[in-house]
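Have a look at the structure below before the remarks.
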Amino acid sequence: MSTTRAGNGTRRTTTKPRTGITPTAAAATRKRTRSVADISISAEERQRMISEAAYYLAERRGFAPGQAMADWLTAEAEVTVLLKK
């Protein structure tokens, strides 16, 4: 913050941005930032995400048989939550 004198003798306080980013640059940066919810994906891409997540769940439990449906449903719930954020 700095104080300057205006032409009529009154004091005028001015502030400078703390960072080197101008307000215009900051606004442009905010415009480019998108959340996952802003991105629409196809049904095929969603299916691929669920399939991949289910694979990793099965891998974590050593690919033991009999849990494929549970892995799929868990993965589906996780992807749904992720896409709603």
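Naming scheme: A, B, ... for chains in displayed order of the structure tokens; residues 1 onward per chain; ligands 1 onward as shown.
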Self-check item: Residues within 10 Å of stretch 60-76 of chain A, only C-alpha atoms, excluding chain neighbours under 4 positions, as a PyMOL selection string
Solution: chain A and resi 46-47+49-56+80-82
